[in-house]
Amino acid sequence: MEQQPERREGRSFPERKGQKRKLEEGASAAEDRQISAVTTDGVHALLTEVATQVSVLNSAFSWHESDRAAAKRATQVLAELAKNEDLVNVIVEGGAVPALLTHLQAPPYSDGGMAQKPFEHEVEKGSAFALGLLAIKPEYQKLIVDKGALPHLVNLLKRSKDGSSSRAVVSVIRRAADAITNLAHENSSIKTRVRLEGGIPPLVELLEFSDPKVQRAAAGALRTLAFKNDDNKNQIVECNALPTLILMLGSEDSAIHYEAVGVIGNLVHSSPNIKKEVLAAGALQPVIGLLSSCCPESQREAALLLGQFASTDSDCKVHIVQRGAVRPLIEMLQSPDVQLKEMSAFALGRLAQDCHNQAGIAHSGGLGPLLKLLDSRNGSLQHNAAFALYGLADNEDNVSDFIRVGGIQKLQDGEFIVQATKDCVSKTLKRLEEKIHGRVLRHLLYLMRISEKPIQRRVALALAHLCSPEDQRTIFIDDKGLEFLLSLLGSTNTKQQLDGAAALYKLANKSMALSPVDAAPPSPTQRVYLGEQYVNNATLSDVTFLVEGRRFYAHRICLLASSDAFRAMFDGGYREKDARDIEIPNIKWEVFELMMRFIYTGSVDITTEISEDLLRAADQYLLEGLKRLCEYTIAQDITLENIGSMYDLSEAFHAMSLRQACILFILEHFDKLSSKPWQNQLVQRTIPEIREYFCRALTKSTTNLQSLRL
């Protein structure tokens, strides 16, 4: 049911979309203007420029000051051009990669050595920077590595070994780390090759470097190398990176704690043993502290990491809550940042699967924001919120709060994007339904009696959908919950009317199902059926009816047993008592024949074309069984267009079964009826009948349940 957010690998190097690193400090403004102008000279000029700079690099590999200055500038020009992704192909095809790789190392010393090393570290820095930019294109990562970049870049990471921490040293180390990050980004084989080249130990050492930019770059590289590479993860941990990374979580520099929490997140991802080590090293509280960071990126990573911690065991879930994670996570749910909301909902969802945390999360105000996120059009965010709500619904103490804030309607009315979310919501409603009894039900009935009207209505609506049939009479008759539903139905607010109709329809389905057998009371007289062979048969006939000028032969004994109307006709003081021929006015022959066939056999096939005329005859002659069958047939033909006339018909002939069918139709199709101009008048007319119907139905259903138990 749970969907874990995809952990992102991260990339320390800037993306190109509108982002450009400043050239290393020291380049003159004139150089900047000249370099920038190169990018606008057209393709031919670009090819010429690339070829020129490659030629310079190929011919200037020495410690001579003029060569070093030319090489430095050439790397800067190529780096500036590489910031434009559209130009990268041209740069690579122009032979820049081998030329830049040459300058990742210092030139050989001339005879006797040199006292001066002009632009020491700066040419290497420029080369690393340019190669890192080229490596942002995945298709060039392998090319650069295959040409031998990694050993040189790893050596550049070690340039601080001589104790120097000059600006140039800091810059070359940072550019080397950034280049490794981009070369290894989403490339599992290069990640492995970095480890095999010995790149991880110096990166771990650089986490303690004095310059924060180097710390950040080293952490960014480790973050990439740790992503989905178990051997790299293990080596990072074996190099004792965890204590320093945990200290970095508390840095005031947001860029540092963002990278640090990213490294830790990638280390623990799908690695339960490392997760235990990270927790044992004391990472939990600093990570919780990052939830209140001013850096949204760190907040996101911290929330995701807490969600990963929370999968360890129940005790860890409890510790996360005890240490103060819940309130900042709930505050993050209300952030405008969609990813921030997604990660916090994910963390709360994990925490909410522990029974000790569920009431605390709801009590701290988590229900409202989580329910609001169900309106999101982001499928992952919506699902994480639904999963958290599923956890909270497992605690009896939260049920009343769910209902009080309108959570049941939110779950029922939501438009959910993925099937997994729909299934999760269904299970949440089922969980809530299973808890509507005992003290939970008593509390809800208390709220329905004493709360403000909006809450009373929410309780009544929720109970209509969730309560068990055995409690319906108590809730809706004894405690007058039915009146709240009827008040919604009679409201002028369309949404309230729709909610009321849906709740009443659900309640009706639970309480009783109409059928031709039980939709009307039994006939007060005992039935005697002579059989089909005696229908309109002169044999032993002792009475004849004249219908539309045609004779219909009948038998008094059968008619006397069929209804009180015929009993009165033949046993009372009417003139038909002793008459041999009795004229039947205002009834068609086929209608009369069907009525008599029912009297003789107890059953008859009724078509919709004749059903209304037959209903009129059945009502006139008090044939309740036939009347019930007619009502059932007519009810099958109820539509949005004729519901008004059908209801009128039910009133005209006191057709209780048909009237109930009309009521249920109105409730079931209320949303479609709401567009009809006469809908409101019809609803107002039916409310008294709806009240009577439910009073009768709920009383009957409770009695039936009690009988079944006996």
# chains A, B, ... in the order shown; residues from 1 in each chain; ligands from 1

call {"tool": "residues_around", "arguments": {"residues": "Asp211 in chain A", "least_positions_apart": "6", "cutoff": "12 Å", "atoms": "only C-alpha atoms", "output": "MDAnalysis selection string"}}
result
chainID A and resid 160 164:171 173:174 217:218 253 256

call {"tool": "write_last_selection", "arguments": {"atoms": "N, CA, C and O atoms", "output": "mmCIF file, in the first residue's frame"}}
result
data_model
loop_
_atom_site.group_PDB
_atom_site.id
_atom_site.type_symbol
_atom_site.label_atom_id
_atom_site.label_comp_id
_atom_site.auth_asym_id
_atom_site.auth_seq_id
_atom_site.Cartn_x
_atom_site.Cartn_y
_atom_site.Cartn_z
ATOM 1 N N SER A 160 46.039 18.971 -0.840
ATOM 2 C CA SER A 160 46.209 19.640 0.463
ATOM 3 C C SER A 160 47.169 18.897 1.371
ATOM 4 O O SER A 160 47.433 19.333 2.496
ATOM 5 N N SER A 164 49.123 22.988 2.509
ATOM 6 C CA SER A 164 48.690 24.249 1.924
ATOM 7 C C SER A 164 47.169 24.327 1.887
ATOM 8 O O SER A 164 46.493 23.346 1.599
ATOM 9 N N SER A 165 46.650 25.489 2.189
ATOM 10 C CA SER A 165 45.205 25.719 2.083
ATOM 11 C C SER A 165 44.954 27.055 1.391
ATOM 12 O O SER A 165 44.043 27.790 1.742
ATOM 13 N N SER A 166 45.812 27.358 0.416
ATOM 14 C CA SER A 166 45.649 28.603 -0.337
ATOM 15 C C SER A 166 44.365 28.560 -1.140
ATOM 16 O O SER A 166 43.757 27.495 -1.330
ATOM 17 N N ARG A 167 43.982 29.725 -1.621
ATOM 18 C CA ARG A 167 42.763 29.788 -2.409
ATOM 19 C C ARG A 167 42.850 28.891 -3.634
ATOM 20 O O ARG A 167 41.878 28.248 -4.031
ATOM 21 N N ALA A 168 44.033 28.839 -4.262
ATOM 22 C CA ALA A 168 44.208 28.011 -5.446
ATOM 23 C C ALA A 168 44.048 26.530 -5.116
ATOM 24 O O ALA A 168 43.429 25.771 -5.871
ATOM 25 N N VAL A 169 44.593 26.102 -3.987
ATOM 26 C CA VAL A 169 44.456 24.706 -3.578
ATOM 27 C C VAL A 169 42.996 24.378 -3.303
ATOM 28 O O VAL A 169 42.465 23.334 -3.724
ATOM 29 N N VAL A 170 42.340 25.264 -2.580
ATOM 30 C CA VAL A 170 40.922 25.062 -2.272
ATOM 31 C C VAL A 170 40.119 24.911 -3.566
ATOM 32 O O VAL A 170 39.276 24.019 -3.709
ATOM 33 N N SER A 171 40.412 25.781 -4.529
ATOM 34 C CA SER A 171 39.644 25.769 -5.772
ATOM 35 C C SER A 171 39.873 24.500 -6.572
ATOM 36 O O SER A 171 38.928 23.909 -7.115
ATOM 37 N N ILE A 173 40.817 21.541 -5.542
ATOM 38 C CA ILE A 173 40.206 20.390 -4.859
ATOM 39 C C ILE A 173 38.694 20.382 -5.092
ATOM 40 O O ILE A 173 38.092 19.346 -5.398
ATOM 41 N N ARG A 174 38.096 21.559 -4.959
ATOM 42 C CA ARG A 174 36.640 21.662 -5.124
ATOM 43 C C ARG A 174 36.226 21.286 -6.547
ATOM 44 O O ARG A 174 35.254 20.557 -6.753
ATOM 45 N N ALA A 217 31.651 20.210 -1.504
ATOM 46 C CA ALA A 217 31.954 19.489 -2.740
ATOM 47 C C ALA A 217 32.269 18.023 -2.456
ATOM 48 O O ALA A 217 31.828 17.125 -3.190
ATOM 49 N N ALA A 218 33.039 17.763 -1.394
ATOM 50 C CA ALA A 218 33.372 16.380 -1.041
ATOM 51 C C ALA A 218 32.118 15.601 -0.654
ATOM 52 O O ALA A 218 31.925 14.448 -1.063
ATOM 53 N N ASP A 253 25.920 26.470 7.805
ATOM 54 C CA ASP A 253 25.929 26.616 6.348
ATOM 55 C C ASP A 253 24.910 25.637 5.763
ATOM 56 O O ASP A 253 25.091 24.422 5.807
ATOM 57 N N ILE A 256 26.087 22.940 3.372
ATOM 58 C CA ILE A 256 26.819 21.817 3.970
ATOM 59 C C ILE A 256 25.858 20.806 4.581
ATOM 60 O O ILE A 256 25.953 19.598 4.334
#

call {"tool": "select_by_dssp", "arguments": {"residues": "range 432-593 of chain A", "states": "strand (DSSP E)", "output": "ChimeraX atom specification"}}
result
/A:543-547,550-554,581-583

call {"tool": "write_last_selection", "arguments": {"atoms": "C-alpha atoms", "output": "CSV table (one decimal), in the first residue's frame"}}
result
chain,number,residue,atom,x,y,z
A,543,VAL,CA,-71.4,-15.5,-11.3
A,544,THR,CA,-70.8,-13.7,-14.6
A,545,PHE,CA,-69.2,-10.4,-15.1
A,546,LEU,CA,-69.9,-8.1,-18.1
A,547,VAL,CA,-66.8,-6.3,-19.2
A,550,ARG,CA,-68.2,-9.5,-23.0
A,551,ARG,CA,-68.9,-12.2,-20.4
A,552,PHE,CA,-66.3,-13.4,-17.9
A,553,TYR,CA,-67.3,-16.5,-16.0
A,554,ALA,CA,-66.2,-16.6,-12.3
A,581,ASP,CA,-74.7,-11.1,-14.1
A,582,ILE,CA,-72.7,-8.1,-12.8
A,583,GLU,CA,-71.6,-5.3,-15.0

call {"tool": "select_by_dssp", "arguments": {"residues": "range 83-153 of chain A", "states": "helix (DSSP H, G or I)", "output": "PyMOL selection string"}}
result
chain A and resi 85-93+96-102+122-134+138-146+149-153

call {"tool": "residues_around", "arguments": {"residues": "Val405 in chain A", "least_positions_apart": "4", "cutoff": "9 Å", "atoms": "only C-alpha atoms", "output": "VMD selection string"}}
result
chain A and resid 367 to 368 400 to 401 455 458

call {"tool": "write_last_selection", "arguments": {"atoms": "N, CA and C atoms", "output": "PDB file, in the first residue's frame"}}
result
ATOM      1  N   LEU A 367      -4.322  15.847  11.248  1.00  0.00           N
ATOM      2  CA  LEU A 367      -5.433  15.366  10.430  1.00  0.00           C
ATOM      3  C   LEU A 367      -5.848  16.351   9.341  1.00  0.00           C
ATOM      4  N   GLY A 368      -6.071  17.607   9.733  1.00  0.00           N
ATOM      5  CA  GLY A 368      -6.549  18.610   8.783  1.00  0.00           C
ATOM      6  C   GLY A 368      -5.639  18.784   7.579  1.00  0.00           C
ATOM      7  N   SER A 400     -13.311  10.068  16.248  1.00  0.00           N
ATOM      8  CA  SER A 400     -14.167  11.247  16.425  1.00  0.00           C
ATOM      9  C   SER A 400     -13.563  12.471  15.755  1.00  0.00           C
ATOM     10  N   ASP A 401     -12.225  12.604  15.827  1.00  0.00           N
ATOM     11  CA  ASP A 401     -11.576  13.744  15.186  1.00  0.00           C
ATOM     12  C   ASP A 401     -11.691  13.648  13.668  1.00  0.00           C
ATOM     13  N   ILE A 455     -21.039  20.324  13.071  1.00  0.00           N
ATOM     14  CA  ILE A 455     -20.441  19.075  13.557  1.00  0.00           C
ATOM     15  C   ILE A 455     -21.514  18.014  13.747  1.00  0.00           C
ATOM     16  N   ARG A 458     -22.067  16.549  10.404  1.00  0.00           N
ATOM     17  CA  ARG A 458     -20.955  15.690   9.978  1.00  0.00           C
ATOM     18  C   ARG A 458     -21.024  14.330  10.660  1.00  0.00           C
TER      19      ARG A 458
END

call {"tool": "closest_residue", "arguments": {"among": "A:Glu470, A:Glu396, A:Glu624, A:Glu197", "to": "Lys510 in chain A", "atoms": "only C-alpha atoms"}}
result
A:Glu470

call {"tool": "atom_distance", "arguments": {"atom1": "CA of Phe119 in chain A", "atom2": "CA of Trp63 in chain A"}}
result
8.9 Å

call {"tool": "residues_around", "arguments": {"residues": "Gln497 in chain A", "least_positions_apart": "4", "cutoff": "9 Å", "atoms": "only C-alpha atoms", "output": "PyMOL selection string"}}
result
chain A and resi 485-493+501-502+670-671

call {"tool": "residues_around", "arguments": {"residues": "Met595 in chain A", "least_positions_apart": "3", "cutoff": "9 Å", "atoms": "only C-alpha atoms", "output": "number ranges by chain"}}
result
A: 590-592, 598-600, 604, 614, 617-618, 623, 626

call {"tool": "write_last_selection", "arguments": {"atoms": "C-alpha atoms", "output": "PDB file, in the first residue's frame"}}
result
ATOM      1  CA  GLU A 590     -57.489  -7.203 -20.679  1.00  0.00           C
ATOM      2  CA  VAL A 591     -57.075  -5.473 -17.319  1.00  0.00           C
ATOM      3  CA  PHE A 592     -60.012  -7.333 -15.793  1.00  0.00           C
ATOM      4  CA  PHE A 598     -54.172 -13.298 -10.390  1.00  0.00           C
ATOM      5  CA  ILE A 599     -57.146 -14.143  -8.156  1.00  0.00           C
ATOM      6  CA  TYR A 600     -57.278 -17.693  -9.544  1.00  0.00           C
ATOM      7  CA  VAL A 604     -49.468 -12.971 -13.347  1.00  0.00           C
ATOM      8  CA  LEU A 614     -53.988  -2.830 -13.395  1.00  0.00           C
ATOM      9  CA  ALA A 617     -58.077  -2.013 -10.549  1.00  0.00           C
ATOM     10  CA  ALA A 618     -56.093  -3.768  -7.809  1.00  0.00           C
ATOM     11  CA  LEU A 623     -56.042  -6.914  -4.045  1.00  0.00           C
ATOM     12  CA  LEU A 626     -51.615  -7.792  -7.182  1.00  0.00           C
TER      13      LEU A 626
END

call {"tool": "closest_residue", "arguments": {"among": "A:Val261, A:Ile450, A:Ala386, A:Leu143", "to": "Leu242 in chain A", "atoms": "only C-alpha atoms"}}
result
A:Val261

call {"tool": "closest_residue", "arguments": {"among": "A:Glu668, A:Asp499, A:Glu651, A:Glu631", "to": "Arg457 in chain A", "atoms": "only C-alpha atoms"}}
result
A:Asp499

call {"tool": "closest_residue", "arguments": {"among": "A:Leu131, A:Leu156, A:Leu305, A:Ala310", "to": "Thr75 in chain A", "atoms": "only C-alpha atoms"}}
result
A:Leu131

call {"tool": "residues_around", "arguments": {"residues": "Leu370 in chain A", "least_positions_apart": "5", "cutoff": "10 Å", "atoms": "only C-alpha atoms", "output": "ChimeraX atom specification"}}
result
/A:330,333-334,341,345,348-349,362,365,375,381-382,384-389,407

call {"tool": "atom_distance", "arguments": {"atom1": "CA of Leu461 in chain A", "atom2": "CA of Gly500 in chain A"}}
result
7.0 Å

call {"tool": "residues_around", "arguments": {"residues": "Gly438 in chain A", "least_positions_apart": "3", "cutoff": "12 Å", "atoms": "only C-alpha atoms", "output": "list of chain:residue names"}}
result
A:Glu396, A:Glu434, A:Lys435, A:Leu441, A:Arg442, A:His443, A:Leu444, A:Leu445, A:Cys467, A:Ser468, A:Asp471

call {"tool": "atom_distance", "arguments": {"atom1": "CA of Ala302 in chain A", "atom2": "CA of Ile288 in chain A"}}
result
6.9 Å
